[in-house]
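S.K.: So here's final-v8.txt, just compact mmCIF, C-alpha atoms:
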# COMPACT_ATOMS: atom_id res chain seq x y z
CA MET A 175 87.88 90.70 111.67
CA THR A 176 86.70 87.16 111.21
CA ALA A 177 84.01 86.35 108.68
CA ASP A 178 83.17 82.79 107.59
CA GLY A 179 86.26 81.58 109.35
CA ARG A 180 88.49 83.83 107.19
CA ARG A 181 90.55 86.69 108.50
CA SER A 182 90.33 90.00 106.68
CA TRP A 183 91.90 93.41 107.22
CA ARG A 184 90.00 96.60 107.77
CA ARG A 185 91.62 100.02 107.34
CA PRO A 186 92.05 101.80 110.68
CA PRO A 187 89.96 104.99 110.95
CA LEU A 188 91.61 108.37 110.47
CA ILE A 189 90.55 109.49 113.93
CA ALA A 190 91.02 106.75 116.49
CA ASP A 191 88.63 108.14 119.12
CA ARG A 192 85.17 106.95 118.10
CA ARG A 193 83.26 109.77 119.88
CA LEU A 194 85.52 112.49 118.51
CA ARG A 195 85.21 110.99 115.03
CA TRP A 196 81.42 111.04 115.06
CA LEU A 197 81.44 114.51 116.62
CA ILE A 198 83.55 115.82 113.73
CA TYR A 199 81.44 114.00 111.12
CA GLY A 200 78.25 115.32 112.72
CA GLY A 201 79.60 118.86 112.96
CA GLY A 202 80.69 118.75 109.33
CA LEU A 203 77.31 117.47 108.23
CA ILE A 204 75.44 120.16 110.19
CA TYR A 205 77.71 122.82 108.70
CA LEU A 206 77.10 121.52 105.17
CA VAL A 207 73.33 121.46 105.70
CA LEU A 208 73.42 125.01 107.09
CA ALA A 209 75.68 126.19 104.27
CA LEU A 210 73.42 124.70 101.60
CA ALA A 211 70.31 126.02 103.34
CA THR A 212 71.64 129.57 103.49
CA LEU A 213 72.79 129.53 99.89
CA GLU A 214 70.33 131.87 98.24
CA VAL A 215 69.66 130.15 94.96
CA ASN A 216 67.20 131.83 92.66
CA TRP A 217 66.35 128.83 90.49
CA LEU A 218 64.37 130.96 88.04
CA ARG A 219 67.39 133.18 87.57
CA ALA A 220 69.60 130.12 87.24
CA TRP A 221 67.25 128.74 84.57
CA GLU A 222 67.47 132.02 82.66
CA GLY A 223 71.24 131.92 83.06
CA LEU A 224 71.36 128.59 81.25
CA GLY A 225 70.04 130.25 78.10
CA ARG A 226 72.61 133.01 78.36
CA GLY A 227 75.31 130.45 79.04
CA TRP A 228 74.28 128.55 75.93
CA ALA A 229 74.43 131.79 73.90
CA PHE A 230 77.90 132.31 75.24
CA VAL A 231 78.95 128.77 74.33
CA GLN A 232 77.53 129.23 70.83
CA SER A 233 79.46 132.46 70.38
CA PHE A 234 82.66 130.49 70.88
CA LEU A 235 81.85 128.72 67.63
CA ARG A 236 81.87 132.03 65.76
CA PRO A 237 84.24 134.37 67.63
CA ASP A 238 84.39 137.88 66.22
CA PHE A 239 88.00 139.02 65.97
CA ALA A 240 87.27 141.76 63.42
CA SER A 241 84.68 144.18 64.87
CA ARG A 242 86.83 145.17 67.80
CA GLY A 243 90.14 144.03 66.34
CA PRO A 244 92.10 147.22 67.16
CA ASP A 245 90.72 147.28 70.73
CA ILE A 246 91.68 143.64 71.26
CA LEU A 247 95.15 144.25 69.86
CA ASN A 248 95.67 147.33 72.06
CA GLY A 249 94.42 145.46 75.12
CA ILE A 250 96.72 142.52 74.46
CA ILE A 251 99.72 144.79 73.91
CA GLU A 252 98.90 146.67 77.12
CA SER A 253 98.58 143.42 79.05
CA LEU A 254 101.83 142.05 77.65
CA THR A 255 103.79 145.24 78.41
CA MET A 256 102.35 145.38 81.93
CA THR A 257 103.29 141.73 82.40
CA VAL A 258 106.90 142.12 81.26
CA THR A 259 107.64 145.33 83.19
CA ALA A 260 105.86 144.20 86.36
CA THR A 261 107.63 140.84 86.36
CA VAL A 262 111.07 142.44 85.89
CA ALA A 263 110.43 145.16 88.49
CA GLY A 264 108.88 142.67 90.91
CA MET A 265 111.85 140.30 90.58
CA LEU A 266 114.32 143.14 91.15
CA VAL A 267 112.57 144.20 94.36
CA SER A 268 111.95 140.59 95.47
CA VAL A 269 115.60 139.58 95.54
CA PRO A 270 116.71 141.83 98.45
CA ILE A 271 113.45 141.21 100.30
CA GLY A 272 113.76 137.45 99.74
CA ILE A 273 117.34 137.50 101.05
CA GLY A 274 116.18 139.53 104.05
CA ALA A 275 113.37 137.07 104.71
CA ALA A 276 115.73 134.06 104.88
CA ARG A 277 116.24 133.12 108.53
CA ASN A 278 119.70 131.61 107.99
CA LEU A 279 121.23 134.73 106.42
CA VAL A 280 120.22 137.88 108.27
CA ALA A 281 119.69 139.31 111.74
CA ARG A 282 116.29 138.78 113.37
CA PRO A 283 114.98 142.39 113.04
CA ILE A 284 115.68 142.41 109.28
CA TYR A 285 114.12 138.96 108.98
CA LEU A 286 110.97 140.08 110.76
CA LEU A 287 110.73 143.28 108.69
CA CYS A 288 111.11 141.43 105.39
CA ARG A 289 108.70 138.67 106.44
CA GLY A 290 106.22 141.42 107.31
CA ILE A 291 106.52 142.91 103.82
CA VAL A 292 106.06 139.46 102.28
CA ALA A 293 103.01 138.77 104.44
CA LEU A 294 101.45 142.13 103.53
CA ALA A 295 102.06 141.63 99.81
CA ARG A 296 100.55 138.15 99.98
CA ALA A 297 97.60 139.07 102.16
CA LEU A 298 96.05 141.60 99.80
CA PRO A 299 94.40 140.16 96.67
CA GLU A 300 95.39 141.87 93.45
CA VAL A 301 91.90 143.19 92.77
CA ILE A 302 91.88 145.10 96.08
CA VAL A 303 95.40 146.40 95.43
CA ALA A 304 94.37 147.40 91.91
CA ILE A 305 91.38 149.37 93.25
CA PHE A 306 93.73 151.24 95.59
CA PHE A 307 96.26 151.97 92.89
CA VAL A 308 93.59 153.09 90.44
CA ALA A 309 92.32 155.50 93.11
CA MET A 310 95.87 156.76 93.66
CA PHE A 311 97.32 156.82 90.14
CA GLY A 312 94.24 157.01 87.96
CA PHE A 313 92.93 154.54 85.35
CA GLY A 314 95.35 152.83 83.02
CA PRO A 315 98.19 150.35 82.80
CA PHE A 316 100.48 152.18 85.24
CA ALA A 317 98.18 151.21 88.13
CA GLY A 318 98.12 147.67 86.74
CA PHE A 319 101.89 147.58 86.53
CA LEU A 320 102.19 148.59 90.20
CA THR A 321 99.57 146.04 91.25
CA LEU A 322 101.31 143.18 89.49
CA THR A 323 104.69 144.30 90.83
CA PHE A 324 103.32 144.38 94.38
CA ASN A 325 101.87 140.88 94.12
CA THR A 326 105.01 139.55 92.42
CA ILE A 327 107.03 140.68 95.45
CA GLY A 328 104.91 138.64 97.85
CA PHE A 329 105.08 135.53 95.67
CA VAL A 330 108.73 135.55 94.59
CA ALA A 331 110.26 136.85 97.84
CA LYS A 332 108.54 134.15 99.90
CA LEU A 333 109.61 131.31 97.61
CA LEU A 334 113.12 132.71 97.23
CA ALA A 335 113.48 132.98 101.02
CA GLU A 336 112.40 129.35 101.36
CA ALA A 337 114.86 128.31 98.65
CA ILE A 338 117.67 130.13 100.48
CA GLU A 339 116.71 128.52 103.78
CA ASN A 340 116.92 125.10 102.13
CA VAL A 341 120.32 125.48 100.41
CA GLU A 342 122.98 122.82 100.84
CA HIS A 343 124.72 123.76 104.07
CA ALA A 344 128.04 122.10 103.18
CA GLN A 345 128.69 124.61 100.39
CA VAL A 346 127.95 127.52 102.70
CA GLU A 347 130.34 126.12 105.30
CA ALA A 348 133.05 125.56 102.67
CA ILE A 349 132.85 129.17 101.48
CA ARG A 350 132.71 130.43 105.05
CA ALA A 351 135.85 128.44 105.87
CA THR A 352 137.79 130.43 103.29
CA GLY A 353 137.13 133.60 105.30
CA ALA A 354 134.61 134.97 102.80
CA SER A 355 132.60 138.06 103.66
CA TRP A 356 128.77 138.02 103.83
CA ALA A 357 128.52 139.37 100.27
CA GLN A 358 130.98 136.75 99.00
CA LEU A 359 129.05 134.05 100.82
CA LEU A 360 125.92 135.25 99.05
CA ASN A 361 127.63 135.33 95.68
CA TYR A 362 129.56 132.06 95.80
CA ALA A 363 127.52 129.80 98.09
CA ILE A 364 123.90 130.95 97.90
CA GLN A 365 123.45 132.47 94.46
CA PRO A 366 124.61 129.44 92.40
CA GLN A 367 122.23 127.20 94.35
CA VAL A 368 119.13 129.37 94.10
CA MET A 369 119.62 130.96 90.67
CA PRO A 370 117.91 128.20 88.64
CA ARG A 371 114.99 128.31 91.06
CA LEU A 372 114.83 132.10 90.80
CA ILE A 373 114.77 132.01 87.00
CA GLY A 374 112.10 129.32 87.13
CA LEU A 375 110.05 131.46 89.50
CA GLY A 376 110.44 134.47 87.20
CA LEU A 377 109.13 132.55 84.21
CA TYR A 378 106.26 131.11 86.21
CA ARG A 379 105.37 134.55 87.53
CA LEU A 380 105.41 135.95 83.98
CA ASP A 381 102.73 133.44 83.10
CA ILE A 382 100.69 134.27 86.23
CA ASN A 383 101.03 138.02 85.71
CA PHE A 384 99.59 137.80 82.21
CA ARG A 385 96.51 136.02 83.50
CA ARG A 386 96.21 138.48 86.38
CA SER A 387 96.55 141.45 84.01
CA ALA A 388 93.30 140.32 82.40
CA VAL A 389 91.61 140.28 85.80
CA ILE A 390 92.75 143.65 87.11
CA GLY A 391 91.76 145.32 83.86
CA ILE A 392 88.15 144.79 84.94
CA VAL A 393 88.61 147.31 87.78
CA GLY A 394 90.24 149.88 85.50
CA ALA A 395 93.89 148.96 85.75
CA GLY A 396 94.43 148.64 82.00
CA GLY A 397 95.03 145.59 79.87
CA ILE A 398 92.75 143.21 78.02
CA GLY A 399 90.42 142.86 81.02
CA ALA A 400 88.90 146.28 80.35
CA THR A 401 88.14 145.30 76.74
CA LEU A 402 86.62 142.04 77.91
CA GLU A 403 84.45 143.77 80.51
CA THR A 404 83.17 146.20 77.88
CA ALA A 405 82.34 143.34 75.50
CA LEU A 406 80.47 141.43 78.22
CA ASP A 407 78.56 144.54 79.34
CA ARG A 408 77.42 145.12 75.75
CA TYR A 409 76.40 141.46 75.36
CA GLU A 410 78.93 141.18 72.55
CA TYR A 411 79.62 137.57 73.39
CA ASP A 412 81.27 136.85 70.06
CA THR A 413 83.87 139.56 70.76
CA ALA A 414 84.23 138.30 74.35
CA ALA A 415 84.78 134.82 72.96
CA ALA A 416 87.48 136.16 70.64
CA ILE A 417 89.23 137.86 73.59
CA LEU A 418 89.02 134.73 75.73
CA LEU A 419 90.39 132.61 72.89
CA VAL A 420 93.32 135.02 72.48
CA ILE A 421 93.99 134.87 76.24
CA VAL A 422 93.79 131.08 76.24
CA GLY A 423 96.14 130.93 73.25
CA ILE A 424 98.74 133.22 74.82
CA VAL A 425 98.56 131.53 78.23
CA THR A 426 98.91 128.06 76.69
CA LEU A 427 101.87 129.27 74.63
CA ALA A 428 103.43 130.92 77.68
CA GLU A 429 102.92 127.79 79.77
CA TYR A 430 104.64 125.54 77.24
CA ALA A 431 107.41 128.09 76.58
CA SER A 432 108.10 128.67 80.26
CA SER A 433 108.15 124.93 81.04
CA HIS A 434 110.68 124.37 78.23
CA LEU A 435 112.78 127.35 79.34
CA ARG A 436 112.71 126.20 82.97
CA ARG A 437 113.91 122.73 81.94
CA TRP A 438 116.67 124.31 79.84
CA VAL A 439 117.79 126.63 82.64
CA GLN A 440 117.67 124.01 85.39
CA MET B 12 131.36 123.58 82.14
CA MET B 13 134.52 124.03 84.07
CA PRO B 14 137.24 125.20 81.69
CA LEU B 15 140.62 126.15 83.05
CA SER B 16 142.29 129.29 81.79
CA ARG B 17 145.76 130.63 82.41
CA PRO B 18 145.91 134.41 82.69
CA GLY B 19 149.63 134.99 83.16
CA ASP B 20 151.06 132.05 85.02
CA ARG B 21 148.12 131.41 87.34
CA ARG B 22 145.40 128.81 86.84
CA SER B 23 141.91 130.04 87.38
CA TRP B 24 138.51 128.40 87.21
CA ARG B 25 135.64 129.68 85.09
CA HIS B 26 132.08 128.52 85.47
CA ARG B 27 131.19 129.11 81.78
CA THR B 28 132.97 129.02 78.45
CA PRO B 29 133.49 132.38 76.64
CA ARG B 30 130.71 131.43 74.21
CA ALA B 31 128.29 130.69 77.04
CA ARG B 32 129.20 133.97 78.74
CA LEU B 33 128.58 135.88 75.53
CA LEU B 34 125.22 134.18 75.08
CA LEU B 35 124.29 134.97 78.66
CA TRP B 36 125.32 138.60 78.23
CA PHE B 37 123.16 138.92 75.11
CA GLY B 38 120.31 137.26 76.95
CA TRP B 39 120.42 139.86 79.70
CA LEU B 40 120.79 142.64 77.12
CA ALA B 41 117.70 141.39 75.28
CA LEU B 42 115.76 141.29 78.56
CA VAL B 43 116.75 144.89 79.39
CA ALA B 44 115.87 146.05 75.86
CA LEU B 45 112.51 144.28 76.01
CA THR B 46 111.73 145.79 79.42
CA VAL B 47 112.62 149.32 78.30
CA PHE B 48 110.53 148.89 75.15
CA ALA B 49 107.58 147.52 77.15
CA TRP B 50 107.87 150.40 79.62
CA GLU B 51 107.80 152.94 76.76
CA VAL B 52 104.76 151.35 75.13
CA MET B 53 102.92 150.88 78.42
CA ASN B 54 103.33 154.48 79.51
CA ARG B 55 102.34 156.14 76.24
CA ASP B 56 99.02 157.24 77.73
CA THR B 57 100.06 157.59 81.36
CA ILE B 58 99.15 160.97 82.79
CA TRP B 59 102.19 161.75 84.92
CA ALA B 60 100.39 164.55 86.76
CA PHE B 61 98.15 161.85 88.31
CA VAL B 62 101.23 159.83 89.24
CA ALA B 63 102.81 162.89 90.88
CA ASP B 64 99.56 163.45 92.81
CA ALA B 65 99.51 159.85 94.08
CA PRO B 66 101.16 160.51 97.50
CA ARG B 67 98.49 163.10 98.30
CA GLN B 68 95.76 160.67 97.24
CA ALA B 69 97.35 157.90 99.31
CA ALA B 70 97.53 160.17 102.35
CA ASP B 71 93.88 161.09 101.86
CA ILE B 72 92.80 157.44 101.61
CA GLY B 73 94.96 156.55 104.63
CA ALA B 74 93.52 159.38 106.70
CA ARG B 75 89.99 158.25 105.92
CA MET B 76 90.79 154.64 106.82
CA VAL B 77 92.14 155.46 110.27
CA PRO B 78 90.58 154.78 112.71
CA PRO B 79 88.61 151.84 111.30
CA ARG B 80 84.84 152.05 111.86
CA TRP B 81 84.34 149.01 114.11
CA SER B 82 80.60 149.61 114.30
CA TYR B 83 80.42 148.30 110.75
CA LEU B 84 81.51 144.84 111.92
CA ASN B 85 77.90 143.75 112.58
CA GLU B 86 77.12 144.18 108.91
CA LEU B 87 80.08 142.00 107.97
CA VAL B 88 78.85 138.84 109.69
CA TRP B 89 76.53 137.72 106.88
CA PRO B 90 78.97 138.45 104.00
CA LEU B 91 81.66 136.63 105.98
CA TRP B 92 79.40 133.58 106.38
CA GLU B 93 78.63 133.74 102.65
CA THR B 94 82.34 133.91 101.83
CA ILE B 95 83.11 130.86 103.98
CA THR B 96 80.17 129.00 102.45
CA ILE B 97 81.29 129.83 98.92
CA ALA B 98 84.84 128.71 99.72
CA THR B 99 83.77 125.45 101.37
CA LEU B 100 81.11 124.35 98.91
CA GLY B 101 83.20 125.48 95.95
CA THR B 102 86.18 123.47 97.18
CA LEU B 103 84.01 120.43 97.84
CA LEU B 104 82.48 120.54 94.37
CA ALA B 105 85.90 121.11 92.83
CA VAL B 106 87.36 118.09 94.62
CA LEU B 107 84.46 115.89 93.51
CA LEU B 108 84.98 116.91 89.89
CA ALA B 109 88.78 117.04 89.98
CA VAL B 110 89.47 113.51 91.18
CA PRO B 111 88.05 111.59 88.17
CA ILE B 112 89.58 114.09 85.71
CA ALA B 113 92.94 113.85 87.47
CA PHE B 114 92.91 110.06 87.15
CA CYS B 115 92.24 110.38 83.43
CA ALA B 116 95.02 112.95 83.00
CA ALA B 117 97.68 111.03 84.97
CA ARG B 118 100.40 109.39 82.91
CA THR B 119 101.83 107.26 85.73
CA ASP B 120 99.61 104.24 85.30
CA PRO B 121 99.23 102.84 81.74
CA GLU B 122 95.63 102.01 82.64
CA LEU B 123 94.97 105.70 83.24
CA ARG B 124 96.32 107.21 80.03
CA PRO B 125 94.72 110.58 79.27
CA ASP B 126 91.93 110.77 76.76
CA PRO B 127 92.80 113.09 73.85
CA PRO B 128 90.56 115.96 75.03
CA ALA B 129 91.85 115.89 78.63
CA GLY B 130 95.01 117.89 77.99
CA PRO B 131 93.53 120.84 76.07
CA ALA B 132 90.56 120.98 78.43
CA ARG B 133 92.90 121.35 81.37
CA HIS B 134 94.75 124.20 79.70
CA ARG B 135 91.57 125.99 78.84
CA ARG B 136 90.48 125.94 82.46
CA LEU B 137 93.86 127.05 83.73
CA ALA B 138 93.93 129.91 81.31
CA LEU B 139 90.61 131.39 82.39
CA ASP B 140 90.78 133.15 85.68
CA GLN B 141 88.04 133.35 88.25
CA PHE B 142 86.93 136.82 87.27
CA LEU B 143 86.65 135.85 83.66
CA ASP B 144 84.49 132.91 84.64
CA LEU B 145 82.42 135.22 86.79
CA GLY B 146 81.61 137.35 83.79
CA SER B 147 80.08 134.45 81.94
CA PHE B 148 77.68 133.46 84.73
CA ALA B 149 74.69 135.27 86.15
CA ARG B 150 75.71 138.10 88.45
CA GLY B 151 74.97 138.56 92.17
CA GLY B 152 74.22 136.16 95.01
CA GLY B 153 76.18 133.44 96.72
CA ARG B 154 75.60 130.90 93.97
CA THR B 155 77.45 133.03 91.44
CA GLY B 156 80.56 132.95 93.57
CA ASN B 157 80.22 129.24 94.07
CA THR B 158 79.77 128.56 90.38
CA ARG B 159 82.75 130.76 89.65
CA ARG B 160 84.92 129.10 92.28
CA TYR B 161 84.88 125.53 91.10
CA PRO B 162 86.34 125.62 87.55
CA CYS B 163 89.62 127.21 88.62
CA ASP B 164 89.89 125.09 91.74
CA ARG B 165 89.21 122.11 89.56
CA ALA B 166 92.04 123.04 87.21
CA ALA B 167 94.45 123.61 90.07
CA LEU B 168 93.42 120.44 91.87
CA ASP B 169 93.61 118.45 88.65
CA ARG B 170 97.11 119.62 88.13
CA LEU B 171 98.28 118.98 91.68
CA TYR B 172 96.60 115.61 91.92
CA ARG B 173 97.82 114.51 88.51
CA GLN B 174 101.41 115.37 89.38
CA ALA B 175 101.31 113.66 92.79
CA PRO B 176 103.17 110.33 92.86
CA LEU B 177 100.61 107.53 92.64
Would you mind writing the structure in this file as structure tokens?
M.R.:
Amino acid sequence: MTADGRRSWRRPPLIADRRLRWLIYGGGLIYLVLALATLEVNWLRAWEGLGRGWAFVQSFLRPDFASRGPDILNGIIESLTMTVTATVAGMLVSVPIGIGAARNLVARPIYLLCRGIVALARALPEVIVAIFFVAMFGFGPFAGFLTLTFNTIGFVAKLLAEAIENVEHAQVEAIRATGASWAQLLNYAIQPQVMPRLIGLGLYRLDINFRRSAVIGIVGAGGIGATLETALDRYEYDTAAAILLVIVGIVTLAEYASSHLRRWVQ
Amino acid sequence: MMPLSRPGDRRSWRHRTPRARLLLWFGWLALVALTVFAWEVMNRDTIWAFVADAPRQAADIGARMVPPRWSYLNELVWPLWETITIATLGTLLAVLLAVPIAFCAARTDPELRPDPPAGPARHRRLALDQFLDLGSFARGGGRTGNTRRYPCDRAALDRLYRQAPL
């Protein structure tokens, strides 16, 4: 472009075709207008909500750990035990499924079967799974444990399969050249390469599972979520604030601990 | 670590020193002990009769779900539109809010050093899950979902954007 005799550069557009570009922009704009127009906002209700929100914020300044202290403690213990057992069980089940879902290691039918399991475990949100398990196994942490285990499988198996598919091929070839069996190949060529990643995934999942245990408790699958739901239903915002602060504290601690552990392991 | 040992007259390679192997063994033992303990504590109040009855319950639920009632699809159109709207507007709002926070929380550029409150604020948002946020806002309606959506997206986006190479 030339302006005042000087040449200047203009960034090329993302979509080269001018008509297509304006068509996409126009379509996006129409969609946004429609989306905003169909959003049923009750402004009066929203205004009332501000007051409640402020009450909630104020309660954070004076959280009540004492009134429901034993309930909070039991909820936290339940959540932590669910988290530990579900992470361990989920990791144990994920390893064979993750190996089966790696294209470079197994036959196609096994690959497709394991990928199907991974897809199913990832497709269902934990709240839906928790509702199913509560209906099947009754209220309590056992249903929560199964829910977290199920979701751990989808998460870890997928990432493990991807890690296996991306291993250094030279090491695999070297072990293969020695006449190693499939199990030996797995043990000497694959496992050393993916183990740090697997441990890292386990620690990360532990952190996620704790947060999720608070969520699934709301639908009756045990843990601190049930205590939190009760506190919110009773408008005991000071107790709810105490629970949230405990959750925030534990999650922050877990995040720092797991990042340090991951660095140490890797 | 690659120490060489000589059992008999043959040289063999070990990945870890004896001390490291012992530490690793105790690590695994501690993990097993912790898991068993957690399992015991978790299942103190589990009613095993319900657990034993689970296959029958699952079969009952499965039988009721098959075949799916396709006639119900008409009633799903509006909730589906609402879901897409919540997801889109929530993501848009999250992106708008995440970008400036991410710039403040990035360490790459000395000009963009994080303000003291940026770090803890990020952790607070990451720690609270969507459902927990939902509880603190007014219930019902599309706006609730939208309001609930953005804080967690914002935390996730902050984190991703902050860690991206600038």
S.K.: Can you work out which one of B:Val52, B:Leu91, B:Ala31, B:Ala116 has the shortest atom-to-atom distance to chain A, counting only C-alpha atoms?
M.R.: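 Under the stated criterion, the closest residue is B:Val52.
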S.K.: What are the closest atom pairs, with distances in Å to one decimal, for all residues of chain A lying within 8 Å of chain B? Consider only C-alpha atoms, order rows by chain and residue number, and present the result as CSV.
M.R.:
residue,atom,partner,partner_atom,distance
A:Leu206,CA,B:Leu100,CA,8.0
A:Ala209,CA,B:Thr96,CA,5.6
A:Leu213,CA,B:Gly153,CA,6.1
A:Glu214,CA,B:Gly153,CA,6.2
A:Val215,CA,B:Arg154,CA,6.1
A:Arg219,CA,B:Ala149,CA,7.7
A:Ala220,CA,B:Ala149,CA,7.3
A:Gly223,CA,B:Ala149,CA,5.7
A:Gly227,CA,B:Phe148,CA,6.9
A:Phe230,CA,B:Ser147,CA,7.4
A:Glu252,CA,B:Met53,CA,6.0
A:Leu254,CA,B:Ala49,CA,8.0
A:Thr255,CA,B:Ala49,CA,4.6
A:Met256,CA,B:Met53,CA,6.5
A:Val258,CA,B:Thr46,CA,6.3
A:Thr259,CA,B:Thr46,CA,5.6
A:Val262,CA,B:Thr46,CA,7.3
A:Ala309,CA,B:Gln68,CA,7.5
A:Met310,CA,B:Ala65,CA,4.8
A:Phe311,CA,B:Val62,CA,5.0
A:Gly312,CA,B:Phe61,CA,6.2
A:Gly314,CA,B:Thr57,CA,6.9
A:Pro315,CA,B:Met53,CA,6.5
A:Phe316,CA,B:Thr57,CA,6.7
A:Arg385,CA,B:Asp140,CA,6.8
A:Arg386,CA,B:Asp140,CA,7.6
A:Val389,CA,B:Phe142,CA,6.0
A:Glu403,CA,B:Gly146,CA,7.7
A:Leu406,CA,B:Gly146,CA,7.0
A:Leu418,CA,B:Leu139,CA,7.6
A:Ile421,CA,B:Ala138,CA,7.1
A:Val422,CA,B:Ala138,CA,5.2
A:Val425,CA,B:Ala138,CA,5.8
A:Thr426,CA,B:His134,CA,6.4
S.K.: What does the distance from CA of Ala41 (chain B) to CA of Phe329 (chain A) come to in Å, to one decimal?
M.R.: 24.7 Å
S.K.: Please list as a ChimeraX atom specification every residue within 9 Å of region 344-348 of chain A, counting all atoms listed in the file and excluding residues in the same chain fewer than 5 positions away.
M.R.: /A:359-360,362-364
S.K.: I'd like the contact shell of Lys332 (chain A) - 12 Å cut-off, only C-alpha atoms, skipping same-chain residues fewer than 6 positions apart - returned as a ChimeraX atom specification.
M.R.: /A:265,268-277,285,288-296,325-326,338-339,372,375
S.K.: Please save C-alpha atoms of the selected residues as a PDB file, in the coordinates of the input.
M.R.:
ATOM      1  CA  MET A 265     111.850 140.300  90.580  1.00  0.00           C
ATOM      2  CA  SER A 268     111.950 140.590  95.470  1.00  0.00           C
ATOM      3  CA  VAL A 269     115.600 139.580  95.540  1.00  0.00           C
ATOM      4  CA  PRO A 270     116.710 141.830  98.450  1.00  0.00           C
ATOM      5  CA  ILE A 271     113.450 141.210 100.300  1.00  0.00           C
ATOM      6  CA  GLY A 272     113.760 137.450  99.740  1.00  0.00           C
ATOM      7  CA  ILE A 273     117.340 137.500 101.050  1.00  0.00           C
ATOM      8  CA  GLY A 274     116.180 139.530 104.050  1.00  0.00           C
ATOM      9  CA  ALA A 275     113.370 137.070 104.710  1.00  0.00           C
ATOM     10  CA  ALA A 276     115.730 134.060 104.880  1.00  0.00           C
ATOM     11  CA  ARG A 277     116.240 133.120 108.530  1.00  0.00           C
ATOM     12  CA  TYR A 285     114.120 138.960 108.980  1.00  0.00           C
ATOM     13  CA  CYS A 288     111.110 141.430 105.390  1.00  0.00           C
ATOM     14  CA  ARG A 289     108.700 138.670 106.440  1.00  0.00           C
ATOM     15  CA  GLY A 290     106.220 141.420 107.310  1.00  0.00           C
ATOM     16  CA  ILE A 291     106.520 142.910 103.820  1.00  0.00           C
ATOM     17  CA  VAL A 292     106.060 139.460 102.280  1.00  0.00           C
ATOM     18  CA  ALA A 293     103.010 138.770 104.440  1.00  0.00           C
ATOM     19  CA  LEU A 294     101.450 142.130 103.530  1.00  0.00           C
ATOM     20  CA  ALA A 295     102.060 141.630  99.810  1.00  0.00           C
ATOM     21  CA  ARG A 296     100.550 138.150  99.980  1.00  0.00           C
ATOM     22  CA  ASN A 325     101.870 140.880  94.120  1.00  0.00           C
ATOM     23  CA  THR A 326     105.010 139.550  92.420  1.00  0.00           C
ATOM     24  CA  ILE A 338     117.670 130.130 100.480  1.00  0.00           C
ATOM     25  CA  GLU A 339     116.710 128.520 103.780  1.00  0.00           C
ATOM     26  CA  LEU A 372     114.830 132.100  90.800  1.00  0.00           C
ATOM     27  CA  LEU A 375     110.050 131.460  89.500  1.00  0.00           C
TER      28      LEU A 375
END
S.K.: What separation in Å, quoted to one decimal, exists between CA of Thr257 (chain A) and CA of Val420 (chain A)?
M.R.: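 Distance reported for this atom pair: 15.6 Å.
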S.K.: Just the residues within 7 Å of Ala337 (chain A), please, counting all atoms listed in the file, with nothing from its chain fewer than 4 positions along; format it as a PyMOL selection string.
M.R.: chain A and resi 333+341+368
S.K.: Rounded to one decimal, what separation in Å do you get between CA of Ile204 (chain A) and CA of Pro187 (chain A)?
M.R.: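 CA of Pro187 (chain A) lies at a distance of 21.0 Å from CA of Ile204 (chain A).
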S.K.: Using only C-alpha atoms, find the one residue out of A:Leu266, A:Thr212, A:Ala331, A:Arg185 that sits nearest to Thr94 (chain B).
M.R.: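 Among the listed residues, A:Thr212 lies closest to Thr94 (chain B).
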